[in-house]
file structure25.csv (CSV, C-alpha atoms)
chain,number,residue,atom,x,y,z
A,117,MET,CA,5.8,7.6,25.0
A,118,SER,CA,2.7,9.8,24.6
A,119,ARG,CA,-0.3,8.2,23.0
A,120,ALA,CA,-1.4,9.2,19.5
A,121,THR,CA,-4.4,11.5,19.1
A,122,ILE,CA,-7.2,10.0,17.1
A,123,GLU,CA,-9.9,12.1,15.5
A,124,PRO,CA,-12.5,11.8,12.8
A,125,ALA,CA,-12.8,14.2,9.8
A,126,THR,CA,-14.2,14.4,6.3
A,127,THR,CA,-13.1,15.9,3.0
A,128,ALA,CA,-15.0,16.4,-0.2
A,129,THR,CA,-14.7,14.3,-3.3
A,130,ALA,CA,-13.3,16.0,-6.4
A,131,ASP,CA,-16.7,16.6,-7.8
A,132,GLY,CA,-17.9,18.0,-4.5
A,133,LEU,CA,-21.0,15.8,-4.5
A,134,SER,CA,-19.9,13.4,-1.8
A,135,SER,CA,-17.6,13.3,1.3
A,136,ILE,CA,-14.8,11.0,2.3
A,137,ALA,CA,-14.7,9.8,5.9
A,138,LEU,CA,-11.2,10.2,7.4
A,139,LYS,CA,-9.3,9.1,10.5
A,140,ILE,CA,-6.4,11.3,11.7
A,141,CYS,CA,-3.8,9.6,13.8
A,142,SER,CA,-1.1,12.0,15.0
A,143,PRO,CA,1.7,11.9,17.6
A,144,PRO,CA,2.4,14.9,19.8
A,145,SER,CA,5.3,16.1,17.7
A,146,PRO,CA,5.2,14.5,14.2
A,147,ILE,CA,8.3,14.7,11.9
A,148,ALA,CA,6.3,13.8,8.8
A,149,ALA,CA,2.8,13.2,7.6
A,150,ALA,CA,1.4,10.4,5.3
A,151,VAL,CA,-1.7,9.5,3.4
A,152,PHE,CA,-2.4,5.9,4.5
A,153,ALA,CA,-4.2,3.7,1.9
A,154,HIS,CA,-5.7,0.6,3.5
A,155,GLY,CA,-5.9,-2.8,1.9
A,156,GLY,CA,-8.9,-4.9,1.1
A,157,CYS,CA,-8.7,-6.6,-2.3
A,158,PHE,CA,-9.6,-3.3,-4.1
A,159,SER,CA,-13.0,-3.7,-2.6
A,160,ASP,CA,-13.1,-3.7,1.2
A,161,GLY,CA,-11.9,-1.6,4.1
A,162,CYS,CA,-12.5,1.9,5.5
A,163,SER,CA,-10.8,4.7,7.4
A,164,GLN,CA,-10.8,2.5,10.6
A,165,SER,CA,-8.8,-0.3,8.9
A,166,HIS,CA,-5.4,-1.4,10.2
A,167,PRO,CA,-5.4,0.7,13.4
A,168,ALA,CA,-2.2,-1.0,14.7
A,169,VAL,CA,-0.3,0.1,11.7
A,170,THR,CA,-1.3,3.8,11.9
A,171,GLU,CA,-0.6,3.8,15.7
A,172,ALA,CA,2.8,2.2,15.0
A,173,LEU,CA,3.5,5.0,12.5
A,174,ALA,CA,2.5,7.6,15.1
A,175,GLY,CA,5.0,5.9,17.4
A,176,ILE,CA,7.8,6.7,15.1
A,177,GLY,CA,6.7,10.2,14.5
A,178,ILE,CA,4.5,9.9,11.4
A,179,ALA,CA,1.1,11.5,11.5
A,180,SER,CA,-1.4,9.8,9.1
A,181,VAL,CA,-4.7,10.3,7.6
A,182,SER,CA,-6.7,7.1,6.6
A,183,SER,CA,-9.9,7.2,4.5
A,184,THR,CA,-12.9,5.4,3.4
A,185,TYR,CA,-12.0,5.9,-0.3
A,186,ARG,CA,-14.5,4.6,-2.8
A,187,GLN,CA,-13.6,1.3,-4.6
A,188,GLY,CA,-15.1,-2.0,-5.7
A,189,ALA,CA,-17.5,-2.8,-8.5
A,190,ALA,CA,-19.7,0.2,-7.6
A,191,HIS,CA,-16.8,2.6,-7.9
A,192,PRO,CA,-14.4,1.2,-10.5
A,193,HIS,CA,-10.9,2.5,-11.3
A,194,PRO,CA,-9.8,5.3,-11.1
A,195,THR,CA,-12.3,6.3,-8.5
A,196,ALA,CA,-10.0,5.3,-5.6
A,197,GLN,CA,-7.1,7.3,-7.0
A,198,HIS,CA,-9.2,10.4,-7.3
A,199,ASP,CA,-10.5,10.1,-3.8
A,200,LEU,CA,-7.0,9.5,-2.4
A,201,ALA,CA,-5.7,12.6,-4.3
A,202,CYS,CA,-8.4,14.5,-2.4
A,203,VAL,CA,-7.1,13.0,0.9
A,204,ALA,CA,-3.6,14.1,0.0
A,205,GLU,CA,-4.8,17.7,-0.5
A,206,PHE,CA,-6.5,17.4,2.9
A,207,ALA,CA,-3.2,16.2,4.4
A,208,ARG,CA,-1.3,19.2,3.0
A,209,ARG,CA,-3.9,21.6,4.5
A,210,ARG,CA,-3.8,19.8,7.8
A,211,TRP,CA,0.0,19.7,8.1
A,212,PRO,CA,1.3,22.5,5.8
A,213,SER,CA,4.8,22.5,7.4
A,214,LEU,CA,5.4,18.8,7.4
A,215,PRO,CA,6.9,16.7,4.6
A,216,LEU,CA,4.2,14.5,3.1
A,217,GLY,CA,4.5,10.9,2.0
A,218,VAL,CA,2.2,8.0,1.2
A,219,ILE,CA,2.0,4.5,2.8
A,220,GLY,CA,-0.3,1.7,1.7
A,221,SER,CA,-0.9,-2.0,2.3
A,222,SER,CA,-1.9,-4.8,0.0
A,223,SER,CA,-4.2,-3.3,-2.6
A,224,GLY,CA,-3.6,0.1,-0.9
A,225,GLY,CA,0.1,-0.6,-1.6
A,226,TRP,CA,-0.6,-0.3,-5.4
A,227,HIS,CA,-2.5,3.0,-4.7
A,228,ALA,CA,0.4,4.3,-2.6
A,229,LEU,CA,2.9,3.4,-5.4
A,230,ALA,CA,0.7,5.1,-8.0
A,231,LEU,CA,0.0,8.2,-5.9
A,232,SER,CA,3.8,8.7,-5.3
A,233,ARG,CA,3.9,9.2,-9.1
A,234,THR,CA,0.9,11.4,-9.6
A,235,ILE,CA,1.0,13.7,-6.6
A,236,GLU,CA,3.7,16.3,-6.8
A,237,GLY,CA,6.1,16.7,-3.9
A,238,MET,CA,5.7,13.3,-2.2
A,239,ARG,CA,8.8,12.8,0.0
A,240,PHE,CA,8.6,9.1,0.6
A,241,CYS,CA,6.5,6.0,-0.2
A,242,VAL,CA,6.2,2.8,1.8
A,243,ALA,CA,4.3,-0.1,0.4
A,244,LEU,CA,3.5,-3.1,2.7
A,245,CYS,CA,2.9,-6.3,0.8
A,246,PRO,CA,1.7,-4.3,-2.2
A,247,VAL,CA,-0.4,-5.7,-5.1
A,248,ALA,CA,2.2,-4.0,-7.4
A,249,ASP,CA,1.2,-6.0,-10.5
A,250,PRO,CA,-2.6,-6.5,-10.4
A,251,LEU,CA,-2.7,-8.7,-13.5
A,252,LEU,CA,0.0,-11.1,-12.2
A,253,ARG,CA,-1.8,-11.3,-8.9
A,254,ALA,CA,-5.0,-12.1,-10.8
A,255,GLU,CA,-3.2,-14.8,-12.7
A,256,TYR,CA,-1.9,-16.3,-9.4
A,257,LEU,CA,-5.5,-16.3,-8.0
A,258,ARG,CA,-6.8,-18.1,-11.2
A,259,GLU,CA,-4.1,-20.7,-10.8
A,260,CYS,CA,-5.2,-21.2,-7.2
A,261,VAL,CA,-8.8,-21.6,-8.2
A,262,GLN,CA,-7.8,-24.2,-10.8
A,263,GLY,CA,-5.5,-26.0,-8.4
A,264,THR,CA,-2.5,-25.5,-10.6
A,265,ALA,CA,-0.5,-22.8,-8.6
A,266,ALA,CA,2.2,-25.2,-7.6
A,267,VAL,CA,2.6,-26.5,-11.2
A,268,ALA,CA,2.8,-22.9,-12.4
A,269,GLY,CA,5.8,-22.2,-10.0
A,270,TRP,CA,4.1,-20.3,-7.2
A,271,ARG,CA,5.7,-21.1,-3.9
A,272,VAL,CA,2.4,-20.4,-1.9
A,273,CYS,CA,-1.2,-21.2,-2.7
A,274,HIS,CA,-4.6,-20.1,-1.4
A,275,GLU,CA,-7.6,-22.4,-1.1
A,276,PRO,CA,-9.7,-22.3,-4.3
A,277,SER,CA,-12.7,-20.8,-2.6
A,278,VAL,CA,-10.7,-18.0,-0.9
A,279,ALA,CA,-8.8,-17.3,-4.2
A,280,GLY,CA,-12.1,-17.1,-6.0
A,281,ARG,CA,-13.6,-14.5,-3.7
A,282,MET,CA,-10.5,-12.4,-3.8
A,283,LEU,CA,-10.4,-12.6,-7.6
A,284,ALA,CA,-14.0,-11.5,-7.9
A,285,LYS,CA,-13.4,-8.5,-5.7
A,286,GLN,CA,-10.3,-7.4,-7.6
A,287,LEU,CA,-12.0,-7.8,-11.0
A,288,GLY,CA,-14.9,-5.7,-9.7
A,289,TYR,CA,-12.6,-2.7,-9.3
A,290,TRP,CA,-10.4,-3.2,-12.4
A,291,GLY,CA,-13.0,-4.5,-14.8
A,292,ASP,CA,-10.7,-6.5,-17.1
A,293,ASP,CA,-7.2,-7.8,-17.7
A,294,GLU,CA,-6.1,-4.8,-19.8
A,295,SER,CA,-6.8,-2.4,-17.0
A,296,MET,CA,-4.8,-4.5,-14.6
A,297,ARG,CA,-2.0,-4.8,-17.1
A,298,ALA,CA,-1.8,-1.1,-17.5
A,299,ALA,CA,-1.8,-0.6,-13.7
A,300,GLY,CA,1.2,-2.9,-13.3
A,301,GLU,CA,3.1,-1.4,-16.2
A,302,MET,CA,2.6,2.1,-14.8
A,303,LEU,CA,4.8,1.2,-11.8
A,304,LEU,CA,7.7,-0.4,-13.8
A,305,PRO,CA,9.8,2.6,-14.7
A,306,ALA,CA,12.3,3.7,-12.1
A,307,HIS,CA,10.9,6.5,-9.9
A,308,ALA,CA,12.7,9.2,-7.9
A,309,VAL,CA,10.5,9.3,-4.8
A,310,PRO,CA,12.3,7.3,-2.2
A,311,THR,CA,10.3,4.0,-2.1
A,312,MET,CA,10.5,1.1,0.4
A,313,LEU,CA,8.8,-2.3,0.0
A,314,VAL,CA,8.0,-4.6,2.9
A,315,LEU,CA,7.2,-8.1,1.8
A,316,GLY,CA,6.2,-11.3,3.5
A,317,GLY,CA,8.2,-14.3,2.4
A,318,VAL,CA,5.2,-16.7,2.6
A,319,ASP,CA,2.4,-14.3,1.8
A,320,LYS,CA,-0.5,-16.2,0.2
A,321,ASN,CA,-2.4,-13.0,-0.7
A,322,VAL,CA,0.4,-11.3,-2.4
A,323,PRO,CA,3.3,-13.7,-3.3
A,324,LEU,CA,6.7,-12.2,-3.7
A,325,ARG,CA,6.7,-12.4,-7.5
A,326,VAL,CA,3.9,-9.9,-7.6
A,327,ALA,CA,6.3,-7.2,-6.5
A,328,GLU,CA,9.3,-8.2,-8.5
A,329,GLY,CA,8.9,-5.5,-11.2
A,330,VAL,CA,8.9,-2.7,-8.6
A,331,GLN,CA,11.5,-4.3,-6.5
A,332,GLY,CA,13.9,-3.9,-9.4
A,333,TRP,CA,14.0,-0.1,-8.8
A,334,ALA,CA,12.8,0.4,-5.3
A,335,HIS,CA,15.3,2.1,-3.0
A,336,ARG,CA,14.8,-0.4,-0.2
A,337,THR,CA,13.2,-3.8,0.0
A,338,LEU,CA,12.7,-5.7,3.3
A,339,ILE,CA,11.5,-9.3,3.1
A,340,LEU,CA,10.3,-10.9,6.3
A,341,GLY,CA,11.0,-14.6,5.6
A,342,GLY,CA,8.5,-16.2,7.9
A,343,MET,CA,5.7,-13.7,7.6
A,344,GLY,CA,2.5,-13.7,5.5
A,345,HIS,CA,-0.1,-11.1,4.8
A,346,GLU,CA,-0.5,-10.3,8.5
A,347,ILE,CA,2.2,-7.7,7.8
A,348,GLN,CA,-0.6,-5.3,6.7
A,349,ASP,CA,-2.8,-6.0,9.8
A,350,ALA,CA,-0.3,-5.2,12.5
A,351,PRO,CA,3.4,-4.9,12.9
A,352,PRO,CA,4.6,-8.4,13.7
A,353,ALA,CA,5.9,-9.0,17.2
A,354,ALA,CA,9.0,-10.7,15.7
A,355,ASN,CA,11.1,-9.1,12.9
A,356,SER,CA,9.0,-6.0,13.0
A,357,TRP,CA,9.3,-3.7,10.0
A,358,VAL,CA,8.7,-0.6,12.1
A,359,PRO,CA,12.4,0.3,12.9
A,360,ASP,CA,13.3,-0.2,9.3
A,361,VAL,CA,10.5,2.1,8.1
A,362,LYS,CA,11.6,4.6,10.7
A,363,ALA,CA,15.2,4.6,9.5
A,364,PHE,CA,14.1,4.7,5.8
A,365,VAL,CA,11.7,7.7,6.3
A,366,ALA,CA,14.5,9.5,8.2
A,367,SER,CA,16.9,8.9,5.3
A,368,ALA,CA,14.3,10.0,2.8
A,369,LEU,CA,13.7,13.3,4.7
A,370,VAL,CA,17.4,14.2,4.6
A,371,GLY,CA,17.8,13.0,1.0
A,372,THR,CA,20.0,10.0,1.4
A,373,ALA,CA,17.5,7.2,0.6
A,374,ALA,CA,17.5,7.9,-3.2
A,375,ALA,CA,21.2,7.1,-3.3
A,376,THR,CA,20.5,3.5,-2.6
A,377,LYS,CA,18.1,2.9,-5.5
A,378,GLY,CA,18.2,-0.7,-6.7
A,379,ALA,CA,20.2,-1.8,-3.7
A,380,PRO,CA,19.9,-5.5,-2.8
A,381,CYS,CA,17.0,-6.4,-0.5
A,382,ASP,CA,17.3,-7.3,3.1
A,383,GLN,CA,15.8,-10.7,4.0
A,384,GLU,CA,15.2,-11.6,7.6
A,385,ALA,CA,14.8,-15.2,8.7
A,386,PRO,CA,11.6,-16.4,10.3
call {"tool": "encode", "arguments": {"input": "structure25.csv", "output": "structure tokens"}}
result
Amino acid sequence: MSRATIEPATTATADGLSSIALKICSPPSPIAAAVFAHGGCFSDGCSQSHPAVTEALAGIGIASVSSTYRQGAAHPHPTAQHDLACVAEFARRRWPSLPLGVIGSSSGGWHALALSRTIEGMRFCVALCPVADPLLRAEYLRECVQGTAAVAGWRVCHEPSVAGRMLAKQLGYWGDDESMRAAGEMLLPAHAVPTMLVLGGVDKNVPLRVAEGVQGWAHRTLILGGMGHEIQDAPPAANSWVPDVKAFVASALVGTAAATKGAPCDQEAP
């Protein structure tokens, strides 16, 4: 298989006052293109994040553009959404003849799910361990900090110090609980864009419950039973999600994925 071509680029922010660093990862003959939104607790990460994921996408024919979109306390919501919309416009100019989708991981998974609703013409959405309900994830992290996650019914639990750092970063972007509540509620109505979730059965960063609302209408859900948040860092050697994503995107491009909306999820053993 030919190696993907990696190249840097930039695009302007919506106000034209700044630029967004980009990384283009493209196979020789792509069948589709995607905006890739990296994870990082709504605070960290850049265009170079998760290279194994973008290279795996190239391996199944999906060209992608990653970005150093602005986020964190210095650039609160909805700055990241505005920047990613500019990245989507760049992708359309770069690949005008290719169907365009959006793929995101962790906090970027929320952005991907949101973009699929706000950008016209998206053909598919794939969310890897997405923070689909930011407020519920914040409540989980608070329980971890207090040492009460197990009592509250969470099957997994982070160390209090780790959870505290994650919570601070997430709150830096969202500002308050009401903003996070609205972000989660935005994703609850059923949506026509073919959408696939890939979840880790033992993910301490994004427990399964955080995605339950979206899972109710998603066209495909794949739960990797023995995997945690490493799903977003690289395709796992065992039980890889890559073939499933390849098949899902192929079905989305020919219009058959939407017919499976709300279908039972697939759960693979560790």
call {"tool": "residues_around", "arguments": {"input": "structure25.csv", "residues": "A:Gln286", "least_positions_apart": "2", "cutoff": "7 Å", "atoms": "all atoms listed in the file", "output": "list in words"}}
result
Cys157, Phe158, Ser159, Met282, Leu283, Ala284, Gly288, Tyr289 and Trp290 of chain A
call {"tool": "atom_distance", "arguments": {"input": "structure25.csv", "atom1": "atom CA of A:Val365", "atom2": "atom CA of A:Leu214"}}
result
12.8 Å
call {"tool": "residues_near_point", "arguments": {"input": "structure25.csv", "point": "(-4.0, 16.8, 1.0)", "cutoff": "12 Å", "atoms": "only C-alpha atoms", "output": "PyMOL selection string"}}
result
chain A and resi 126-130+138+149-152+180-183+198-212+214-218+231+235-238
call {"tool": "residues_around", "arguments": {"input": "structure25.csv", "residues": "A:Leu303", "least_positions_apart": "3", "cutoff": "8 Å", "atoms": "all atoms listed in the file", "output": "list in words"}}
result
Leu229, Ala230, Ala248, Ala299, Gly300, Ala306, Gly329 and Val330 of chain A
call {"tool": "residues_around", "arguments": {"input": "structure25.csv", "residues": "A:Tyr185", "least_positions_apart": "5", "cutoff": "8 Å", "atoms": "only C-alpha atoms", "output": "list in words"}}
result
Ile136, Ala137, Cys162, Ser163, Ala196, Asp199 and Leu200 of chain A
call {"tool": "decode", "arguments": {"input": "structure25.csv", "residues": "stretch 251-341 of chain A", "atoms": "C-alpha atoms", "output": "tab-separated table (two decimals), in the first residue's frame"}}
result
chain	number	residue	atom	x	y	z
A	251	LEU	CA	-22.08	18.11	31.67
A	252	LEU	CA	-22.44	14.40	32.43
A	253	ARG	CA	-18.70	13.97	31.91
A	254	ALA	CA	-18.06	16.89	34.27
A	255	GLU	CA	-20.33	15.28	36.88
A	256	TYR	CA	-18.39	12.03	36.53
A	257	LEU	CA	-15.09	13.85	37.02
A	258	ARG	CA	-16.47	15.59	40.10
A	259	GLU	CA	-17.46	12.23	41.56
A	260	CYS	CA	-13.93	10.97	40.87
A	261	VAL	CA	-12.42	13.98	42.65
A	262	GLN	CA	-14.68	13.36	45.64
A	263	GLY	CA	-13.98	9.63	45.63
A	264	THR	CA	-17.67	8.77	45.15
A	265	ALA	CA	-17.75	7.61	41.52
A	266	ALA	CA	-18.35	3.95	42.39
A	267	VAL	CA	-21.15	4.85	44.80
A	268	ALA	CA	-22.72	6.99	42.07
A	269	GLY	CA	-22.81	3.96	39.76
A	270	TRP	CA	-19.86	4.66	37.49
A	271	ARG	CA	-18.16	1.44	36.40
A	272	VAL	CA	-14.78	3.12	35.99
A	273	CYS	CA	-13.00	5.81	37.97
A	274	HIS	CA	-10.02	8.14	37.53
A	275	GLU	CA	-7.58	9.07	40.27
A	276	PRO	CA	-8.80	12.29	41.97
A	277	SER	CA	-5.76	14.29	40.87
A	278	VAL	CA	-6.16	13.26	37.22
A	279	ALA	CA	-9.90	13.93	37.28
A	280	GLY	CA	-9.32	17.35	38.82
A	281	ARG	CA	-6.93	18.41	36.07
A	282	MET	CA	-9.31	17.18	33.38
A	283	LEU	CA	-12.25	18.98	34.95
A	284	ALA	CA	-10.35	22.26	35.16
A	285	LYS	CA	-9.45	22.10	31.47
A	286	GLN	CA	-12.98	21.25	30.40
A	287	LEU	CA	-14.49	24.05	32.51
A	288	GLY	CA	-11.95	26.47	31.07
A	289	TYR	CA	-13.50	26.03	27.64
A	290	TRP	CA	-17.17	25.76	28.58
A	291	GLY	CA	-17.25	28.22	31.47
A	292	ASP	CA	-20.23	26.85	33.40
A	293	ASP	CA	-22.65	23.95	33.75
A	294	GLU	CA	-25.39	25.58	31.70
A	295	SER	CA	-23.14	25.86	28.66
A	296	MET	CA	-22.20	22.19	29.00
A	297	ARG	CA	-25.84	21.21	29.46
A	298	ALA	CA	-26.83	23.02	26.28
A	299	ALA	CA	-23.95	21.38	24.39
A	300	GLY	CA	-25.17	17.92	25.36
A	301	GLU	CA	-28.83	18.67	24.65
A	302	MET	CA	-27.90	19.94	21.18
A	303	LEU	CA	-26.87	16.41	20.21
A	304	LEU	CA	-29.93	14.55	21.54
A	305	PRO	CA	-32.40	14.91	18.64
A	306	ALA	CA	-32.05	12.25	15.95
A	307	HIS	CA	-29.95	13.44	13.04
A	308	ALA	CA	-29.92	12.39	9.40
A	309	VAL	CA	-26.15	12.49	8.75
A	310	PRO	CA	-24.92	8.87	9.00
A	311	THR	CA	-23.18	8.74	12.38
A	312	MET	CA	-20.99	6.07	13.94
A	313	LEU	CA	-19.74	5.92	17.53
A	314	VAL	CA	-16.68	3.95	18.60
A	315	LEU	CA	-16.57	3.51	22.38
A	316	GLY	CA	-14.21	1.86	24.84
A	317	GLY	CA	-15.88	-0.44	27.32
A	318	VAL	CA	-13.49	0.54	30.13
A	319	ASP	CA	-12.75	4.14	29.17
A	320	LYS	CA	-11.89	6.18	32.29
A	321	ASN	CA	-11.79	9.45	30.38
A	322	VAL	CA	-15.19	9.08	28.70
A	323	PRO	CA	-17.30	6.37	30.37
A	324	LEU	CA	-19.96	4.69	28.25
A	325	ARG	CA	-22.81	6.57	29.95
A	326	VAL	CA	-21.52	9.86	28.57
A	327	ALA	CA	-22.52	8.80	25.05
A	328	GLU	CA	-25.85	7.12	25.87
A	329	GLY	CA	-27.99	9.99	24.60
A	330	VAL	CA	-26.35	10.02	21.18
A	331	GLN	CA	-26.18	6.24	21.06
A	332	GLY	CA	-29.98	6.18	21.10
A	333	TRP	CA	-30.13	7.56	17.55
A	334	ALA	CA	-26.66	6.88	16.10
A	335	HIS	CA	-26.70	4.74	12.98
A	336	ARG	CA	-23.91	2.48	14.25
A	337	THR	CA	-22.23	1.99	17.63
A	338	LEU	CA	-19.16	-0.18	18.13
A	339	ILE	CA	-18.11	-0.88	21.73
A	340	LEU	CA	-14.66	-2.39	22.18
A	341	GLY	CA	-15.10	-4.17	25.47
